[in-house]
Every structure is written in C-alpha cells, then in structure tokens.
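Notes follow once the structure below has been shown.
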Amino acid sequence: MSIQIKQAKAEDNKFLAQMILQSSRAGKKDGLFDLLFDTNDDIVILEKLESLTTTISKSHCHYSNFLIAQVDGKSVGTLCSYEPRISTQEAFKTALKEIGCTDANNALEVMYSCNFDLNKRTLMFDFMEELDGFIDVGVLKALMQKSLLTARLKGYTIARTMIEIGSLENELFYKKLGFKVVEQKECELYKEKFGRVGLMLLATEF
C-alpha cells in the first residue's frame with residue numbers, strides 16, 4: 001500500500017473537520033467542540049469546524065498546519081503541527097469569533113484548565129487521526145516522519161504533544177515513535193466535563 005503525504009489546502013476543510021472532531025472526542029461522548037459549540041449535532045459541529053480551519057486568524061486548527069495522508073487518492077489521515085508562539089490561545093479565540101462562536105468562555109476555561117507552560121519555540125503536534133480501515137498500515141507513522149523532517153528543516157529539535165491521561169493506545173503509539181511523558185496534570189474541571197482525569201505532556205528530541 002502506497003501512502004502519499006501532502007500539505008492540506010483550504011478545500012480539504014471537510015476532511016480536516018471530520019478528523020478534528022474524531023480526535024477531540026477520542027472515544028468520549030463529548031469532546032471539546034461539542035462543549036464549545038454547545039451541541040452534539042455532528043452536522044452543526046462539522047460545519048463550524050470546516051469554517052474554523054479556514055479563518056483569517058491562524059489558530060492551531062487552521063488548514064495550513066495540517067498534513068494529510070492519502071492512499072490511492074483518498075484522504076485517510078491527518079497530523080497537525082503548529083508553533084505555540086503563532087497559534088496562541090488568543091489566535092484560537094479570535095478564530096472562534098470569526099465563525100460566530102462568541103460565547104465560549106466556559107468551554108475555554110475547561111480547555112485551558114489543564115494547561116502546561118509550553119516553550120514557545122517548541123513544535124506541537126495535535127489531531128493525529130486515521131480513518132477506520134487504515135489503522136496499523138503505517139499512515140500515522142508516515143505522517144509523523146514527514147512532520148519531523150519538515151520540523152528539522154525549520155530548525156526545531158523538540159516536538160511535544162498532549163493526550164488525555166488514560167489514552168493508553170495513543171500513549172503507546174507515541175512512545176513507539178520515541179516520545180516520553182514529561183509532565184501530567186489532573187484537573188477536576190476537566191474530569192467533570194469529559195470524564196478523563198486530565199492531560200499528559202509528551203516530548204521527543206530529534
């Protein structure tokens with residue numbers, strides 16, 4: 001099976017929205033965007049996420065931060081890499097306002113309740129997802145290898161990601177790629193909303 005990696009474009013927003021929603025739920029009934037948009041209606045959430053990936057404000061959800069894996073021309077996976085100094089909390093709030101989400105303070109409080117003190121010159125990974133039917137065929141590994149190569153060319157030597165405590169499959173996968181747990185935070189507010197005790201910060205040097 002041949003896997004091609006491409007830079008996402010604005011017209012990929014439907015697929016990106018699908019992968020962002022899948023990643024945010026991660027097996028939970030509610031994810032961040034269910035909370036942010038105050039609905040469990042997939043159609044509504046996906047429409048808003050499609051808009052969120054193409055805002056003027058370049059939040060971490062912006063299409064320009066994504067790589068897409070394709071097999072036989074079909075998009076099958078994504079990986080987002082972004083710079084915290086550019087895709088800041090303020091950029092995300094501005095992007096939400098652009099799509100008409102102006103009452104998100106409570107949801108953002110939950111989102112940032114488990115925040116880590118991130119080095120602004122460290123590259124962050126997020127939304128590493130693949131479609132059912134393409135698991136364990138090398139899609140995520142190919143995306144990660146391409147992302148690390150690009151990061152190295154930009155002068156980065158450390159990459160980080162955040163996953164939920166208890167996400168054993170994600171944790172195992174990242175560890176196979178050389179990531180190590182460097183910090184974890186348990187947050188009552190996060191547990192109350194999502195049923196997960198908190199977040200873990202993992203990092204790799206390359």
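Just so we're on the same page: first chain in the structure tokens is A, next is B, and so on; residues restart at 1 for each chain, and ligands are numbered from 1 in the order they show up.
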| Near Leu21 of chain A, counting only C-alpha atoms, which residues have an atom at most 8 Å away, once you skip same-chain residues fewer than 6 positions from it, shown as a PyMOL selection string? | chain A and resi 31+33+45-46+49
Filtering to C-alpha atoms, could you give me those residues as a PDB file, in the first residue's frame?
ATOM      1  CA  GLY A  31     -15.311  16.375  23.137  1.00  0.00           C
ATOM      2  CA  PHE A  33     -16.048  21.058  20.233  1.00  0.00           C
ATOM      3  CA  ILE A  45     -20.261  20.822  14.593  1.00  0.00           C
ATOM      4  CA  LEU A  46     -18.682  19.732  11.310  1.00  0.00           C
ATOM      5  CA  LEU A  49     -15.138  23.102  12.130  1.00  0.00           C
TER       6      LEU A  49
END
| said: Env of Val181 of chain A: 12 Å cut, atoms = only C-alpha atoms, seq-sep filter 5 positions within chain, self excluded. Answer as a PyMOL selection string. | reply: chain A and resi 160-165+170-172+174-175+199-204
Save the residues we just selected, N, CA, C and O atoms, as an mmCIF file, in the first residue's frame?
data_model
loop_
_atom_site.group_PDB
_atom_site.id
_atom_site.type_symbol
_atom_site.label_atom_id
_atom_site.label_comp_id
_atom_site.auth_asym_id
_atom_site.auth_seq_id
_atom_site.Cartn_x
_atom_site.Cartn_y
_atom_site.Cartn_z
ATOM 1 N N ARG A 160 6.377 18.294 20.883
ATOM 2 C CA ARG A 160 5.563 17.882 22.019
ATOM 3 C C ARG A 160 4.125 17.623 21.579
ATOM 4 O O ARG A 160 3.681 18.105 20.537
ATOM 5 N N THR A 161 3.429 16.880 22.393
ATOM 6 C CA THR A 161 2.004 16.657 22.168
ATOM 7 C C THR A 161 1.313 16.461 23.500
ATOM 8 O O THR A 161 1.974 16.119 24.504
ATOM 9 N N MET A 162 0.008 16.696 23.537
ATOM 10 C CA MET A 162 -0.777 16.465 24.744
ATOM 11 C C MET A 162 -1.834 15.407 24.458
ATOM 12 O O MET A 162 -2.503 15.463 23.424
ATOM 13 N N ILE A 163 -1.955 14.451 25.365
ATOM 14 C CA ILE A 163 -3.012 13.439 25.263
ATOM 15 C C ILE A 163 -3.691 13.307 26.618
ATOM 16 O O ILE A 163 -3.137 13.709 27.643
ATOM 17 N N GLU A 164 -4.879 12.730 26.608
ATOM 18 C CA GLU A 164 -5.602 12.550 27.861
ATOM 19 C C GLU A 164 -4.990 11.422 28.683
ATOM 20 O O GLU A 164 -4.580 10.387 28.128
ATOM 21 N N ILE A 165 -4.926 11.616 29.968
ATOM 22 C CA ILE A 165 -4.480 10.552 30.862
ATOM 23 C C ILE A 165 -5.438 9.371 30.705
ATOM 24 O O ILE A 165 -6.653 9.541 30.755
ATOM 25 N N ASN A 170 -3.025 5.765 22.441
ATOM 26 C CA ASN A 170 -2.281 6.944 21.978
ATOM 27 C C ASN A 170 -0.915 7.028 22.650
ATOM 28 O O ASN A 170 0.099 7.314 22.005
ATOM 29 N N GLU A 171 -0.898 6.784 23.966
ATOM 30 C CA GLU A 171 0.352 6.854 24.713
ATOM 31 C C GLU A 171 1.356 5.832 24.177
ATOM 32 O O GLU A 171 2.531 6.145 23.970
ATOM 33 N N LEU A 172 0.888 4.604 23.943
ATOM 34 C CA LEU A 172 1.763 3.552 23.443
ATOM 35 C C LEU A 172 2.305 3.897 22.060
ATOM 36 O O LEU A 172 3.491 3.702 21.772
ATOM 37 N N TYR A 174 2.708 6.918 20.671
ATOM 38 C CA TYR A 174 3.692 7.995 20.743
ATOM 39 C C TYR A 174 5.018 7.492 21.308
ATOM 40 O O TYR A 174 6.101 7.891 20.858
ATOM 41 N N LYS A 175 4.941 6.606 22.300
ATOM 42 C CA LYS A 175 6.176 6.064 22.885
ATOM 43 C C LYS A 175 6.952 5.244 21.862
ATOM 44 O O LYS A 175 8.178 5.257 21.845
ATOM 45 N N LEU A 199 -4.574 15.649 31.592
ATOM 46 C CA LEU A 199 -3.754 15.552 30.382
ATOM 47 C C LEU A 199 -2.307 15.188 30.692
ATOM 48 O O LEU A 199 -1.793 15.471 31.789
ATOM 49 N N MET A 200 -1.656 14.591 29.706
ATOM 50 C CA MET A 200 -0.242 14.272 29.771
ATOM 51 C C MET A 200 0.487 15.043 28.675
ATOM 52 O O MET A 200 -0.039 15.182 27.562
ATOM 53 N N LEU A 201 1.669 15.521 28.995
ATOM 54 C CA LEU A 201 2.527 16.185 28.012
ATOM 55 C C LEU A 201 3.675 15.231 27.676
ATOM 56 O O LEU A 201 4.383 14.765 28.565
ATOM 57 N N LEU A 202 3.807 14.939 26.387
ATOM 58 C CA LEU A 202 4.889 14.061 25.916
ATOM 59 C C LEU A 202 5.811 14.853 24.999
ATOM 60 O O LEU A 202 5.369 15.799 24.331
ATOM 61 N N ALA A 203 7.060 14.443 24.951
ATOM 62 C CA ALA A 203 8.032 15.163 24.109
ATOM 63 C C ALA A 203 9.031 14.194 23.499
ATOM 64 O O ALA A 203 9.272 13.095 24.013
ATOM 65 N N THR A 204 9.597 14.609 22.364
ATOM 66 C CA THR A 204 10.671 13.851 21.724
ATOM 67 C C THR A 204 11.710 14.821 21.188
ATOM 68 O O THR A 204 11.369 15.932 20.764
#
| field | Backbone-only DSSP, strand (DSSP E) members of segment 14-150 of chain A, as a ChimeraX atom specification | value | /A:66-71,74-82,123-130
Selection from above, N, CA and C atoms, as a PDB file, in the first residue's frame, can you write it?
ATOM      1  N   PHE A  66      -1.759  21.501   8.797  1.00  0.00           N
ATOM      2  CA  PHE A  66      -2.042  20.076   8.649  1.00  0.00           C
ATOM      3  C   PHE A  66      -1.318  19.426   7.479  1.00  0.00           C
ATOM      4  N   LEU A  67      -0.914  18.184   7.709  1.00  0.00           N
ATOM      5  CA  LEU A  67      -0.532  17.279   6.641  1.00  0.00           C
ATOM      6  C   LEU A  67      -1.640  16.238   6.508  1.00  0.00           C
ATOM      7  N   ILE A  68      -1.861  15.769   5.290  1.00  0.00           N
ATOM      8  CA  ILE A  68      -2.880  14.753   5.022  1.00  0.00           C
ATOM      9  C   ILE A  68      -2.216  13.555   4.358  1.00  0.00           C
ATOM     10  N   ALA A  69      -2.556  12.377   4.847  1.00  0.00           N
ATOM     11  CA  ALA A  69      -2.091  11.139   4.225  1.00  0.00           C
ATOM     12  C   ALA A  69      -3.155  10.646   3.259  1.00  0.00           C
ATOM     13  N   GLN A  70      -2.715  10.209   2.093  1.00  0.00           N
ATOM     14  CA  GLN A  70      -3.638   9.689   1.088  1.00  0.00           C
ATOM     15  C   GLN A  70      -3.193   8.308   0.606  1.00  0.00           C
ATOM     16  N   VAL A  71      -4.169   7.472   0.323  1.00  0.00           N
ATOM     17  CA  VAL A  71      -3.943   6.163  -0.280  1.00  0.00           C
ATOM     18  C   VAL A  71      -4.831   6.071  -1.514  1.00  0.00           C
ATOM     19  N   LYS A  74      -7.287   8.843  -1.925  1.00  0.00           N
ATOM     20  CA  LYS A  74      -8.295   9.012  -0.871  1.00  0.00           C
ATOM     21  C   LYS A  74      -7.612   9.504   0.405  1.00  0.00           C
ATOM     22  N   SER A  75      -8.135  10.568   1.004  1.00  0.00           N
ATOM     23  CA  SER A  75      -7.587  11.085   2.263  1.00  0.00           C
ATOM     24  C   SER A  75      -7.943  10.134   3.396  1.00  0.00           C
ATOM     25  N   VAL A  76      -6.920   9.705   4.129  1.00  0.00           N
ATOM     26  CA  VAL A  76      -7.145   8.679   5.156  1.00  0.00           C
ATOM     27  C   VAL A  76      -6.618   9.055   6.529  1.00  0.00           C
ATOM     28  N   GLY A  77      -5.856  10.141   6.635  1.00  0.00           N
ATOM     29  CA  GLY A  77      -5.326  10.507   7.942  1.00  0.00           C
ATOM     30  C   GLY A  77      -4.797  11.925   7.978  1.00  0.00           C
ATOM     31  N   THR A  78      -4.641  12.460   9.188  1.00  0.00           N
ATOM     32  CA  THR A  78      -4.133  13.825   9.363  1.00  0.00           C
ATOM     33  C   THR A  78      -3.150  13.905  10.524  1.00  0.00           C
ATOM     34  N   LEU A  79      -2.311  14.922  10.465  1.00  0.00           N
ATOM     35  CA  LEU A  79      -1.467  15.302  11.593  1.00  0.00           C
ATOM     36  C   LEU A  79      -1.273  16.811  11.524  1.00  0.00           C
ATOM     37  N   CYS A  80      -1.546  17.461  12.641  1.00  0.00           N
ATOM     38  CA  CYS A  80      -1.389  18.911  12.752  1.00  0.00           C
ATOM     39  C   CYS A  80      -0.099  19.203  13.507  1.00  0.00           C
ATOM     40  N   SER A  81       0.701  20.123  13.002  1.00  0.00           N
ATOM     41  CA  SER A  81       1.869  20.608  13.746  1.00  0.00           C
ATOM     42  C   SER A  81       1.833  22.131  13.728  1.00  0.00           C
ATOM     43  N   TYR A  82       1.992  22.722  14.901  1.00  0.00           N
ATOM     44  CA  TYR A  82       1.890  24.183  14.979  1.00  0.00           C
ATOM     45  C   TYR A  82       2.875  24.755  15.994  1.00  0.00           C
ATOM     46  N   LEU A 123       7.739  22.795  18.827  1.00  0.00           N
ATOM     47  CA  LEU A 123       6.668  22.437  17.901  1.00  0.00           C
ATOM     48  C   LEU A 123       5.672  21.517  18.600  1.00  0.00           C
ATOM     49  N   MET A 124       4.385  21.782  18.391  1.00  0.00           N
ATOM     50  CA  MET A 124       3.331  20.972  18.989  1.00  0.00           C
ATOM     51  C   MET A 124       2.645  20.126  17.926  1.00  0.00           C
ATOM     52  N   PHE A 125       2.315  18.889  18.285  1.00  0.00           N
ATOM     53  CA  PHE A 125       1.536  18.011  17.421  1.00  0.00           C
ATOM     54  C   PHE A 125       0.136  17.838  17.984  1.00  0.00           C
ATOM     55  N   ASP A 126      -0.842  17.718  17.089  1.00  0.00           N
ATOM     56  CA  ASP A 126      -2.229  17.522  17.510  1.00  0.00           C
ATOM     57  C   ASP A 126      -2.996  16.848  16.365  1.00  0.00           C
ATOM     58  N   PHE A 127      -4.199  16.392  16.672  1.00  0.00           N
ATOM     59  CA  PHE A 127      -5.133  15.833  15.674  1.00  0.00           C
ATOM     60  C   PHE A 127      -4.479  14.761  14.795  1.00  0.00           C
ATOM     61  N   MET A 128      -3.753  13.844  15.438  1.00  0.00           N
ATOM     62  CA  MET A 128      -3.182  12.717  14.707  1.00  0.00           C
ATOM     63  C   MET A 128      -4.255  11.633  14.620  1.00  0.00           C
ATOM     64  N   GLU A 129      -4.851  11.493  13.450  1.00  0.00           N
ATOM     65  CA  GLU A 129      -6.001  10.604  13.288  1.00  0.00           C
ATOM     66  C   GLU A 129      -5.942   9.873  11.955  1.00  0.00           C
ATOM     67  N   GLU A 130      -6.630   8.738  11.903  1.00  0.00           N
ATOM     68  CA  GLU A 130      -6.760   7.990  10.656  1.00  0.00           C
ATOM     69  C   GLU A 130      -8.154   7.382  10.583  1.00  0.00           C
TER      70      GLU A 130
END
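Considering only C-alpha atoms, the residue among A:Ile135, A:Asp34, A:Lys6, A:Leu118 positioned nearest to Glu169 of chain A is A:Ile135.
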| said: Given only C-alpha atoms as the basis, pick out the residue of A:Arg152, A:Thr102, A:Asn65, A:Phe206 nearest to Ile86 of chain A. | reply: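 The answer is A:Asn65, which sits nearest to Ile86 of chain A.
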| query | Do you know which residues are at most 10 Å from Lys120 of chain A counting only C-alpha atoms, after dropping those on the same chain fewer than 6 positions away, and could you put them as a count of residues only? | reply | 6
| request: Return the single residue from A:Leu177, A:Ala159, A:Leu131, A:Ala151 that is closest to Gln22 of chain A, with distances computed using only C-alpha atoms. | output: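 Checking each of A:Leu177, A:Ala159, A:Leu131, A:Ala151 against Gln22 of chain A, counting only C-alpha atoms, the winner is A:Leu131.
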Given only C-alpha atoms, how would the per-residue table for segment 82-186 of chain A near segment 195-198 of chain A read, listing every residue at most 8 Å away with its closest atom pair and distance in Å to one decimal, sorted by chain and number, as a tab-separated table?
residue	atom	partner	partner_atom	distance
A:Cys114	CA	A:Gly198	CA	6.6
A:Glu164	CA	A:Gly198	CA	5.9
A:Ile165	CA	A:Gly198	CA	5.6
A:Gly166	CA	A:Arg196	CA	7.4
A:Gln184	CA	A:Gly198	CA	7.5
A:Lys185	CA	A:Gly198	CA	5.6
A:Glu186	CA	A:Gly198	CA	4.3
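By only C-alpha atoms, and with residues fewer than 2 positions from Ala107 of chain A along its chain excluded, the set lying at most 6 Å from it is Leu35, Leu36, Ala104, Asn105, Glu109 and Val110 of chain A.
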Export, as a short mmCIF file (atom, residue, chain, number, x, y, z; two decimals), in the first residue's frame, the selected residues with N, CA and C atoms.
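The resulting result29.cif:
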data_model
loop_
_atom_site.label_atom_id
_atom_site.label_comp_id
_atom_site.auth_asym_id
_atom_site.auth_seq_id
_atom_site.Cartn_x
_atom_site.Cartn_y
_atom_site.Cartn_z
N LEU A 35 -18.60 20.84 23.43
CA LEU A 35 -18.75 21.81 24.51
C LEU A 35 -18.69 23.24 23.98
N LEU A 36 -17.73 23.51 23.10
CA LEU A 36 -17.56 24.86 22.56
C LEU A 36 -18.79 25.33 21.79
N ALA A 104 -17.94 31.37 24.30
CA ALA A 104 -17.19 30.12 24.52
C ALA A 104 -16.33 30.16 25.78
N ASN A 105 -16.51 31.18 26.61
CA ASN A 105 -15.61 31.34 27.75
C ASN A 105 -15.62 30.16 28.70
N GLU A 109 -12.44 27.77 29.44
CA GLU A 109 -11.94 27.59 30.80
C GLU A 109 -11.62 26.12 31.06
N VAL A 110 -12.52 25.25 30.59
CA VAL A 110 -12.28 23.81 30.74
C VAL A 110 -11.06 23.40 29.92
#
Which residues, written as a short mmCIF file (atom, residue, chain, number, x, y, z; two decimals) with C-alpha atoms, in the first residue's frame, have at least one atom at most 10 Å from segment 92-101 of chain A, with only C-alpha atoms counted and residues fewer than 2 positions away on the same chain left out?
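Once everything was written out, this is around.cif:
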data_model
loop_
_atom_site.label_atom_id
_atom_site.label_comp_id
_atom_site.auth_asym_id
_atom_site.auth_seq_id
_atom_site.Cartn_x
_atom_site.Cartn_y
_atom_site.Cartn_z
CA LEU A 36 -17.56 24.86 22.56
CA PHE A 37 -20.48 24.79 20.12
CA ASP A 38 -22.99 23.65 22.76
CA LYS A 48 -18.40 25.05 12.20
CA LEU A 49 -15.14 23.10 12.13
CA GLU A 50 -14.97 23.45 8.34
CA SER A 51 -15.15 27.21 8.84
CA LEU A 52 -12.68 27.12 11.73
CA THR A 53 -9.99 25.55 9.53
CA THR A 54 -10.18 28.44 7.05
CA THR A 55 -10.37 31.52 9.29
CA ILE A 56 -8.09 34.52 8.80
CA SER A 57 -6.73 34.00 12.29
CA LYS A 58 -4.27 31.10 12.14
CA SER A 59 -5.23 29.06 15.17
CA HIS A 60 -3.91 25.56 15.69
CA CYS A 61 -6.97 24.32 13.75
CA HIS A 62 -6.01 26.25 10.58
CA SER A 87 -1.11 29.61 17.14
CA THR A 88 -1.75 31.12 20.56
CA GLN A 89 -4.81 30.98 22.80
CA GLU A 90 -5.70 34.46 21.57
CA ASP A 103 -19.95 32.67 23.99
CA ALA A 104 -17.19 30.12 24.52
CA ASN A 105 -15.61 31.34 27.75
CA LEU A 108 -12.33 27.59 27.02
#
| task | Write out as a count of residues only all residues of segment 2-188 of chain A that DSSP puts in helix (DSSP H, G or I) for this structure's backbone. | result | 77
| note | Using only C-alpha atoms, the best pick from A:Leu153, A:Ala17, A:Leu143, A:Val182 as closest to Asp117 of chain A would be A:Val182
| query | In Å, how far is it from atom CA of Tyr190 of chain A to atom CA of Ser23 of chain A? | reply |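 Answer for the atom CA of Tyr190 of chain A to atom CA of Ser23 of chain A separation: 16.4 Å.
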| task | Go through A:Leu149, A:Val44, A:Leu168, A:Cys187 and flag the residue nearest Phe116 of chain A, using only C-alpha atoms for the distances. | result |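 When distances to Phe116 of chain A are compared using only C-alpha atoms, the smallest one comes from A:Cys187.
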